[in-house]
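Engineer: The file below is protein17.tsv, TSV, C-alpha atoms:
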chain	number	residue	atom	x	y	z
A	1	MET	CA	-16.87	17.55	-36.32
A	2	PRO	CA	-15.14	19.70	-33.72
A	3	THR	CA	-12.37	18.30	-31.57
A	4	ILE	CA	-11.65	19.31	-27.99
A	5	ILE	CA	-7.98	19.10	-27.05
A	6	VAL	CA	-7.02	18.51	-23.42
A	7	GLU	CA	-3.36	18.70	-22.47
A	8	VAL	CA	-1.99	17.26	-19.23
A	9	MET	CA	1.55	17.65	-17.89
A	10	PRO	CA	3.33	16.16	-14.89
A	11	LYS	CA	3.51	18.77	-12.14
A	12	ALA	CA	6.47	21.07	-12.63
A	13	GLU	CA	8.06	20.24	-9.27
A	14	LEU	CA	7.88	16.47	-9.84
A	15	LEU	CA	10.49	14.30	-11.44
A	16	ASP	CA	9.46	13.21	-14.95
A	17	PRO	CA	11.60	10.09	-15.50
A	18	GLN	CA	10.44	9.72	-19.11
A	19	GLY	CA	11.43	13.29	-19.97
A	20	LYS	CA	14.69	12.94	-18.06
A	21	ALA	CA	15.62	9.80	-20.02
A	22	VAL	CA	14.93	11.55	-23.33
A	23	ALA	CA	16.88	14.64	-22.24
A	24	GLY	CA	19.83	12.40	-21.37
A	25	ALA	CA	19.66	10.71	-24.76
A	26	LEU	CA	19.54	14.05	-26.62
A	27	SER	CA	22.55	15.24	-24.70
A	28	ARG	CA	24.49	12.10	-25.63
A	29	LEU	CA	23.52	12.63	-29.28
A	30	GLY	CA	25.11	16.05	-29.19
A	31	HIS	CA	22.05	18.27	-28.90
A	32	GLY	CA	23.60	20.25	-26.09
A	33	ALA	CA	21.32	23.26	-26.58
A	34	ILE	CA	18.38	21.29	-25.17
A	35	THR	CA	18.70	21.27	-21.41
A	36	ASP	CA	15.38	19.74	-20.33
A	37	VAL	CA	12.54	17.64	-21.70
A	38	ARG	CA	9.17	17.07	-20.08
A	39	ILE	CA	6.60	14.72	-21.55
A	40	GLY	CA	2.85	15.02	-21.04
A	41	LYS	CA	-0.36	13.73	-22.58
A	42	ARG	CA	-2.73	15.09	-25.19
A	43	PHE	CA	-6.36	13.93	-25.36
A	44	GLU	CA	-8.38	14.59	-28.51
A	45	LEU	CA	-12.13	14.36	-27.92
A	46	THR	CA	-14.37	14.29	-30.98
A	47	VAL	CA	-17.72	15.91	-30.34
A	48	GLU	CA	-21.02	15.36	-32.13
A	49	GLY	CA	-22.60	18.71	-32.93
A	50	GLU	CA	-21.75	22.06	-31.42
A	51	VAL	CA	-19.27	22.62	-28.58
A	52	THR	CA	-21.53	24.39	-26.11
A	53	GLU	CA	-20.57	25.91	-22.78
A	54	GLN	CA	-22.20	22.83	-21.21
A	55	VAL	CA	-19.96	20.46	-23.20
A	56	LEU	CA	-16.85	22.47	-22.30
A	57	ALA	CA	-17.80	22.50	-18.63
A	58	ASP	CA	-18.28	18.72	-18.76
A	59	VAL	CA	-14.86	18.28	-20.38
A	60	ALA	CA	-13.26	20.55	-17.78
A	61	THR	CA	-14.65	18.28	-15.05
A	62	LEU	CA	-13.45	15.17	-16.87
A	63	ALA	CA	-10.02	16.75	-17.33
A	64	ASP	CA	-9.71	17.34	-13.58
A	65	GLU	CA	-11.21	14.05	-12.40
A	66	ILE	CA	-10.26	11.40	-14.98
A	67	PHE	CA	-7.77	12.62	-17.61
A	68	SER	CA	-5.44	13.91	-14.90
A	69	ASN	CA	-4.58	12.96	-11.34
A	70	GLN	CA	-4.33	16.28	-9.53
A	71	VAL	CA	-1.80	14.83	-7.09
A	72	ILE	CA	0.77	14.32	-9.83
A	73	GLU	CA	-0.44	16.21	-12.91
A	74	ASP	CA	-1.83	19.57	-14.07
A	75	VAL	CA	-4.32	20.22	-16.85
A	76	THR	CA	-2.41	22.84	-18.82
A	77	SER	CA	-4.93	23.62	-21.55
A	78	ILE	CA	-8.37	22.86	-22.97
A	79	SER	CA	-9.02	24.13	-26.48
A	80	VAL	CA	-11.39	23.55	-29.39
A	81	GLU	CA	-10.34	22.81	-32.96
A	82	GLU	CA	-12.99	23.12	-35.64
A	83	ALA	CA	-12.71	20.52	-38.38
A	84	THR	CA	-11.36	21.95	-41.61
A	85	VAL	CA	-13.24	20.83	-44.70
B	1	MET	CA	-17.96	-15.27	13.10
B	2	THR	CA	-16.84	-18.62	11.73
B	3	THR	CA	-14.20	-18.66	8.98
B	4	PRO	CA	-13.76	-15.14	7.59
B	5	ARG	CA	-14.44	-14.69	3.86
B	6	ILE	CA	-11.90	-12.47	2.11
B	7	GLY	CA	-12.66	-11.38	-1.44
B	8	VAL	CA	-10.05	-10.84	-4.16
B	9	VAL	CA	-11.12	-8.71	-7.13
B	10	THR	CA	-9.96	-9.80	-10.56
B	11	PHE	CA	-9.63	-7.00	-13.11
B	12	PRO	CA	-8.65	-7.45	-16.76
B	13	GLY	CA	-4.85	-7.49	-16.43
B	14	SER	CA	-4.67	-8.64	-12.79
B	15	LEU	CA	-1.67	-10.93	-12.29
B	16	ASP	CA	-1.51	-11.68	-8.59
B	17	ASP	CA	-5.17	-12.41	-7.88
B	18	ARG	CA	-4.64	-16.18	-7.66
B	19	ASP	CA	-1.57	-15.68	-5.44
B	20	ALA	CA	-3.64	-13.49	-3.12
B	21	GLN	CA	-6.36	-16.15	-2.95
B	22	ARG	CA	-3.73	-18.76	-2.13
B	23	ALA	CA	-2.26	-16.57	0.61
B	24	ILE	CA	-5.71	-16.12	2.15
B	25	ARG	CA	-6.30	-19.89	2.17
B	26	ILE	CA	-2.87	-20.61	3.65
B	27	ALA	CA	-3.61	-18.12	6.44
B	28	GLY	CA	-6.83	-19.99	7.19
B	29	ALA	CA	-9.58	-17.84	5.70
B	30	GLU	CA	-11.90	-18.53	2.78
B	31	ALA	CA	-10.87	-16.84	-0.48
B	32	VAL	CA	-13.76	-15.51	-2.57
B	33	GLU	CA	-13.33	-14.57	-6.23
B	34	LEU	CA	-14.84	-11.20	-7.11
B	35	TRP	CA	-15.20	-9.75	-10.62
B	36	HIS	CA	-14.50	-6.11	-11.54
B	37	GLY	CA	-17.61	-5.83	-13.71
B	38	ASP	CA	-20.07	-6.93	-11.01
B	39	HIS	CA	-21.89	-4.89	-8.41
B	40	ASP	CA	-21.69	-7.77	-5.91
B	41	LEU	CA	-19.31	-8.29	-2.97
B	42	ARG	CA	-20.77	-11.78	-2.36
B	43	GLY	CA	-21.02	-11.21	1.36
B	44	VAL	CA	-17.26	-11.03	1.99
B	45	ASP	CA	-15.83	-9.67	5.24
B	46	ALA	CA	-12.69	-8.10	3.75
B	47	ILE	CA	-11.24	-7.30	0.32
B	48	VAL	CA	-7.87	-7.53	-1.40
B	49	LEU	CA	-7.16	-5.50	-4.54
B	50	PRO	CA	-4.33	-7.48	-6.15
B	51	GLY	CA	-1.26	-6.56	-8.14
B	52	GLY	CA	-0.97	-6.55	-11.91
B	53	PHE	CA	-1.70	-4.14	-14.72
B	54	SER	CA	-5.45	-3.52	-14.58
B	55	TYR	CA	-6.89	-2.43	-17.92
B	56	GLY	CA	-3.29	-2.40	-19.17
B	57	ASP	CA	-2.58	0.53	-16.82
B	58	TYR	CA	-3.58	2.80	-19.70
B	59	LEU	CA	-4.33	6.42	-18.74
B	60	ARG	CA	-2.52	6.00	-15.37
B	61	ALA	CA	-1.77	2.93	-13.26
B	62	GLY	CA	-4.99	1.91	-11.50
B	63	ALA	CA	-6.99	4.89	-12.82
B	64	ILE	CA	-9.53	2.98	-14.91
B	65	ALA	CA	-9.83	0.16	-12.35
B	66	ALA	CA	-10.65	2.78	-9.70
B	67	ARG	CA	-13.80	3.52	-11.72
B	68	ALA	CA	-14.79	-0.12	-12.37
B	69	PRO	CA	-18.35	-1.14	-11.43
B	70	ILE	CA	-17.37	-3.10	-8.28
B	71	MET	CA	-15.44	-0.13	-6.90
B	72	SER	CA	-18.64	1.70	-5.96
B	73	GLU	CA	-19.51	-1.19	-3.59
B	74	ILE	CA	-15.91	-1.32	-2.30
B	75	ILE	CA	-15.79	2.43	-1.61
B	76	ASP	CA	-19.09	2.12	0.24
B	77	ALA	CA	-17.94	-0.91	2.27
B	78	ALA	CA	-14.56	0.72	3.07
B	79	GLY	CA	-16.43	3.74	4.41
B	80	LYS	CA	-18.32	1.42	6.74
B	81	GLY	CA	-15.10	-0.08	8.09
B	82	MET	CA	-14.52	-3.19	5.98
B	83	PRO	CA	-10.81	-4.10	5.86
B	84	VAL	CA	-9.40	-3.41	2.37
B	85	LEU	CA	-5.82	-4.16	1.32
B	86	GLY	CA	-4.39	-2.77	-1.93
B	87	ILE	CA	-1.18	-4.42	-3.09
B	88	CYS	CA	0.92	-2.67	-5.76
B	89	ASN	CA	-1.59	-2.05	-8.57
B	90	GLY	CA	-4.24	-2.28	-5.84
B	91	PHE	CA	-2.45	0.53	-3.94
B	92	GLN	CA	-2.49	2.60	-7.12
B	93	MET	CA	-6.25	1.94	-7.42
B	94	LEU	CA	-6.85	3.03	-3.81
B	95	THR	CA	-5.13	6.38	-4.40
B	96	GLU	CA	-6.95	6.87	-7.72
B	97	ALA	CA	-10.25	6.08	-5.95
B	98	HIS	CA	-9.34	8.62	-3.22
B	99	LEU	CA	-9.61	5.98	-0.49
B	100	LEU	CA	-5.96	6.78	0.27
B	101	PRO	CA	-4.12	10.09	-0.28
B	102	GLY	CA	-1.14	10.71	-2.51
B	103	GLY	CA	-0.21	9.06	-5.77
B	104	LEU	CA	2.28	6.67	-7.36
B	105	ILE	CA	4.58	7.79	-10.15
B	106	ARG	CA	7.16	6.04	-12.29
B	107	ASN	CA	10.24	4.85	-10.43
B	108	GLU	CA	12.95	7.44	-9.96
B	109	ARG	CA	15.38	5.85	-12.39
B	110	GLY	CA	12.63	4.88	-14.81
B	111	ASN	CA	13.19	1.14	-14.61
B	112	PHE	CA	11.11	-1.77	-13.42
B	113	ILE	CA	12.48	-3.14	-10.14
B	114	ARG	CA	12.19	-6.59	-8.64
B	115	ARG	CA	13.88	-7.34	-5.33
B	116	ASP	CA	13.33	-8.87	-1.92
B	117	GLN	CA	12.63	-5.70	0.05
B	118	LYS	CA	13.24	-5.09	3.72
B	119	LEU	CA	10.54	-2.97	5.38
B	120	SER	CA	9.90	-1.64	8.84
B	121	VAL	CA	6.38	-1.99	10.23
B	122	GLU	CA	5.71	1.53	11.50
B	123	THR	CA	2.24	0.98	12.94
B	124	THR	CA	0.45	-2.14	14.10
B	125	ASP	CA	-2.80	-0.28	14.69
B	126	THR	CA	-4.44	-1.35	11.41
B	127	ALA	CA	-6.66	-4.19	10.22
B	128	TRP	CA	-3.74	-5.58	8.21
B	129	THR	CA	-0.76	-5.19	10.58
B	130	ASN	CA	-1.98	-6.03	14.10
B	131	ALA	CA	-0.14	-9.39	14.01
B	132	PHE	CA	3.22	-7.61	13.71
B	133	SER	CA	5.12	-5.81	16.45
B	134	ALA	CA	5.91	-2.10	16.13
B	135	GLY	CA	9.27	-1.54	14.48
B	136	GLN	CA	9.42	-5.16	13.27
B	137	GLU	CA	11.56	-5.67	10.17
B	138	ILE	CA	10.05	-7.86	7.47
B	139	ILE	CA	11.16	-8.94	4.00
B	140	ILE	CA	8.66	-9.37	1.16
B	141	PRO	CA	9.10	-9.16	-2.62
B	142	LEU	CA	8.76	-5.86	-4.47
B	143	LYS	CA	8.17	-5.65	-8.22
B	144	ASN	CA	6.95	-2.50	-9.90
B	145	GLY	CA	7.62	0.17	-12.47
B	146	GLU	CA	5.48	2.92	-10.97
B	147	GLY	CA	6.02	2.69	-7.23
B	148	GLY	CA	7.24	6.16	-6.31
B	149	PHE	CA	4.92	7.44	-3.59
B	150	ILE	CA	4.32	11.17	-3.67
B	151	ALA	CA	2.10	13.60	-1.83
B	152	SER	CA	2.21	17.27	-0.90
B	153	ASP	CA	4.36	18.27	2.08
B	154	GLU	CA	1.18	19.05	4.07
B	155	GLU	CA	-0.23	15.59	3.28
B	156	LEU	CA	3.05	13.89	4.20
B	157	ASP	CA	3.19	15.79	7.50
B	158	ARG	CA	-0.42	14.79	8.23
B	159	LEU	CA	0.30	11.11	7.46
B	160	GLU	CA	3.35	11.16	9.73
B	161	GLY	CA	1.59	13.13	12.46
B	162	GLU	CA	-1.39	10.79	12.54
B	163	GLY	CA	0.77	7.65	12.51
B	164	ARG	CA	-0.56	6.61	9.12
B	165	VAL	CA	2.74	5.67	7.51
B	166	VAL	CA	2.47	1.89	7.89
B	167	PHE	CA	5.62	0.66	6.13
B	168	ARG	CA	8.93	2.30	5.32
B	169	TYR	CA	11.67	1.00	3.02
B	170	LEU	CA	14.78	-0.07	4.91
B	171	GLU	CA	18.38	-0.15	3.64
B	172	THR	CA	17.41	1.06	0.18
B	173	ASN	CA	14.61	3.15	-1.26
B	174	PRO	CA	13.98	1.31	-4.52
B	175	ASN	CA	11.75	3.80	-6.34
B	176	GLY	CA	12.31	7.28	-4.95
B	177	SER	CA	9.23	7.26	-2.70
B	178	MET	CA	9.00	10.39	-0.56
B	179	ARG	CA	10.19	9.87	3.03
B	180	ASP	CA	10.87	6.18	2.20
B	181	ILE	CA	7.14	5.45	2.42
B	182	ALA	CA	6.19	1.95	1.22
B	183	GLY	CA	2.63	1.83	2.55
B	184	ILE	CA	-0.04	3.96	4.24
B	185	VAL	CA	-3.43	3.57	5.93
B	186	ASN	CA	-6.62	5.65	5.94
B	187	ALA	CA	-7.68	7.60	9.03
B	188	ALA	CA	-10.03	4.82	10.21
B	189	GLY	CA	-7.29	2.14	10.06
B	190	ASN	CA	-9.12	-0.33	7.79
B	191	VAL	CA	-7.79	0.59	4.32
B	192	VAL	CA	-4.10	-0.17	3.77
B	193	GLY	CA	-2.10	0.17	0.56
B	194	LEU	CA	1.51	-0.80	-0.11
B	195	MET	CA	3.74	-1.41	-3.10
B	196	PRO	CA	5.59	-4.63	-2.03
B	197	HIS	CA	3.79	-7.98	-2.27
B	198	PRO	CA	2.98	-9.88	0.95
B	199	GLU	CA	1.08	-12.56	-0.99
B	200	HIS	CA	4.38	-13.79	-2.46
B	201	ALA	CA	5.87	-14.52	0.96
B	202	VAL	CA	3.45	-16.94	2.62
B	203	GLU	CA	4.83	-20.41	2.05
B	204	PRO	CA	8.33	-21.83	2.66
B	205	GLY	CA	9.92	-22.72	-0.67
B	206	PHE	CA	8.26	-19.88	-2.57
B	207	GLY	CA	9.20	-16.71	-0.67
B	208	PRO	CA	12.22	-14.43	-0.26
B	209	ASP	CA	15.56	-15.81	0.90
B	210	THR	CA	16.25	-15.66	4.63
B	211	ALA	CA	19.43	-16.10	6.64
B	212	GLY	CA	18.22	-19.62	7.41
B	213	ALA	CA	17.40	-20.95	3.95
B	214	MET	CA	16.67	-20.01	0.37
B	215	ARG	CA	13.11	-18.84	-0.40
B	216	SER	CA	11.94	-19.66	3.11
B	217	GLY	CA	10.55	-16.22	4.03
B	218	THR	CA	6.90	-16.08	5.10
B	219	ASP	CA	6.65	-12.55	6.51
B	220	GLY	CA	3.66	-11.86	4.24
B	221	LEU	CA	1.47	-14.18	6.30
B	222	GLY	CA	1.24	-11.51	9.01
B	223	PHE	CA	-0.99	-9.36	6.77
B	224	PHE	CA	-3.59	-12.07	6.36
B	225	ASP	CA	-3.28	-13.25	9.97
B	226	SER	CA	-3.95	-9.63	10.99
B	227	ALA	CA	-7.10	-9.36	8.89
B	228	ILE	CA	-8.42	-12.67	10.23
B	229	ALA	CA	-7.73	-11.55	13.82
B	230	ALA	CA	-9.41	-8.18	13.18
B	231	LEU	CA	-12.49	-9.90	11.73
B	232	LEU	CA	-12.75	-12.52	14.47
B	233	ALA	CA	-12.46	-9.79	17.14
B	234	VAL	CA	-15.56	-7.95	15.87
Could you express the structure from this file as structure tokens?

Structural biologist:
Amino acid sequence: MPTIIVEVMPKAELLDPQGKAVAGALSRLGHGAITDVRIGKRFELTVEGEVTEQVLADVATLADEIFSNQVIEDVTSISVEEATV
Amino acid sequence: MTTPRIGVVTFPGSLDDRDAQRAIRIAGAEAVELWHGDHDLRGVDAIVLPGGFSYGDYLRAGAIAARAPIMSEIIDAAGKGMPVLGICNGFQMLTEAHLLPGGLIRNERGNFIRRDQKLSVETTDTAWTNAFSAGQEIIIPLKNGEGGFIASDEELDRLEGEGRVVFRYLETNPNGSMRDIAGIVNAAGNVVGLMPHPEHAVEPGFGPDTAGAMRSGTDGLGFFDSAIAALLAV
């Protein structure tokens, strides 16, 4: 069954305390080449049957209205992965 | 109106619903238990959305609660002028339900904070603050992990311009909220949300410390006194 992937990230201009904490830890562990970390969310939606334009439009609405809060987050991508048999 | 009836909604994961009911009773109103899964406001005159971690705060704090069955009745009633107070998780629900602008993000330093917080009352022209005086300083407990208030610069300017910043943090900004904002109100003045907890400062012996005595602070009573006064004035 196909899977629709929705990715959501905190807005670029906002502080991401989770990412900042991880970046600080990496720096202390000696990974000096990594200067910034930002952490977002990935939603995997399993779909029964074909991914039609209608289904994708529905997911796009859900992504904007439920999966993300547009005040603090951006939907960065919506993609479809066909199941490999 | 006789004794006002103020409803408190319990969601799965609510923690401060019983405290809110107690605060309402101490202030002299009748506390009515409401259930998130119902479509029934039981004839209440005002509503409190309490603190806690509704639905485990999965997805985002308050996001799933904002879409709970009872919220359709609350959004409708709020639009008709019913006083609604969102405390902490309730504030997060009000922004997620678009009854208030902006959003709440994780605290600036990433940690959960609990402290007795000094606030200034910036506007008394709301259903929940008319018992205070403008500029009054109050102390009520604050306890949250995601209390950083954010909004766009245009939204912040609008809130300030329309006198809709209701509370500002004094002495310290505990969570990195923009412009030290601790609470806001909608344009009509009936829907107020704030991060600190007035319901935990209503009875001597159980509130914040004051200069006079330990745990004697009762500044939170003003919220419930205000709602009762607003309802009795109608």

Engineer: Pick out the residues sitting within 8 Å of A:Ser77, and hand them over as an NGL selection string; count only C-alpha atoms, and ignore anything fewer than 4 positions along from it in its own chain.

Structural biologist: :A and (5-8)

Engineer: Could you check which residues have any atom within 7 Å of (13.5, 1.2, -6.9), counting all atoms listed in the file with coordinates taken straight from the file, and then list them as a list in words?

Structural biologist: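 These residues have at least one counted atom within 7 Å: Asn107, Glu108, Ile113, Asn173, Pro174, Asn175 and Gly176 of chain B.
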
Engineer: May I have a table of the residues of stretch 110-181 of chain B lying at most 12 Å from stretch 71-82 of chain B, giving each one's closest pair of atoms and their distance in Å to one decimal, counting all atoms listed in the file, ordered by chain and ascending residue number, as a Markdown table?

Structural biologist:
| residue | atom | partner | partner_atom | distance |
| --- | --- | --- | --- | --- |
| B:Thr126 | CA | B:Gly81 | CA | 11.2 |
| B:Ala127 | CA | B:Met82 | CA | 9.0 |
| B:Trp128 | CA | B:Met82 | CA | 11.3 |

Engineer: Which residues of chain B are close to chain A, meaning at most 12 Å apart when you count only C-alpha atoms, and how do they look as a VMD selection string?

Structural biologist: chain B and resid 58 to 67 92 to 93 95 to 98 100 to 111 145 to 146 148 to 153 155 175 to 178

Engineer: Could you list, as a list in words, every residue within 6 Å of B:Tyr55, counting all atoms listed in the file and ignoring same-chain residues fewer than 2 positions away?

Structural biologist: Pro12, Gly13 and Asp57 of chain B

Engineer: Hey, can you spit out that residue selection with C-alpha atoms as a compact mmCIF listing (two decimals), in the frame of the given file?

Structural biologist:
# COMPACT_ATOMS: atom_id res chain seq x y z
CA PRO B 12 -8.65 -7.45 -16.76
CA GLY B 13 -4.85 -7.49 -16.43
CA ASP B 57 -2.58 0.53 -16.82

Engineer: Near B:Gly193, counting all atoms listed in the file, which residues have an atom at most 7 Å away, once you skip same-chain residues fewer than 5 positions from it, shown as a ChimeraX atom specification?

Structural biologist: /B:85-87,91,183-185

Engineer: Padding 4 Å on each side, edges along x, y and z: where is the centre of the box around the listed atoms of stretch 216-233 of chain B, and how long are its edges in Å to one decimal? Output it as AutoDock Vina command-line options.

Structural biologist:
--center_x -0.4 --center_y -13.9 --center_z 10.1 --size_x 32.7 --size_y 19.5 --size_z 22.0
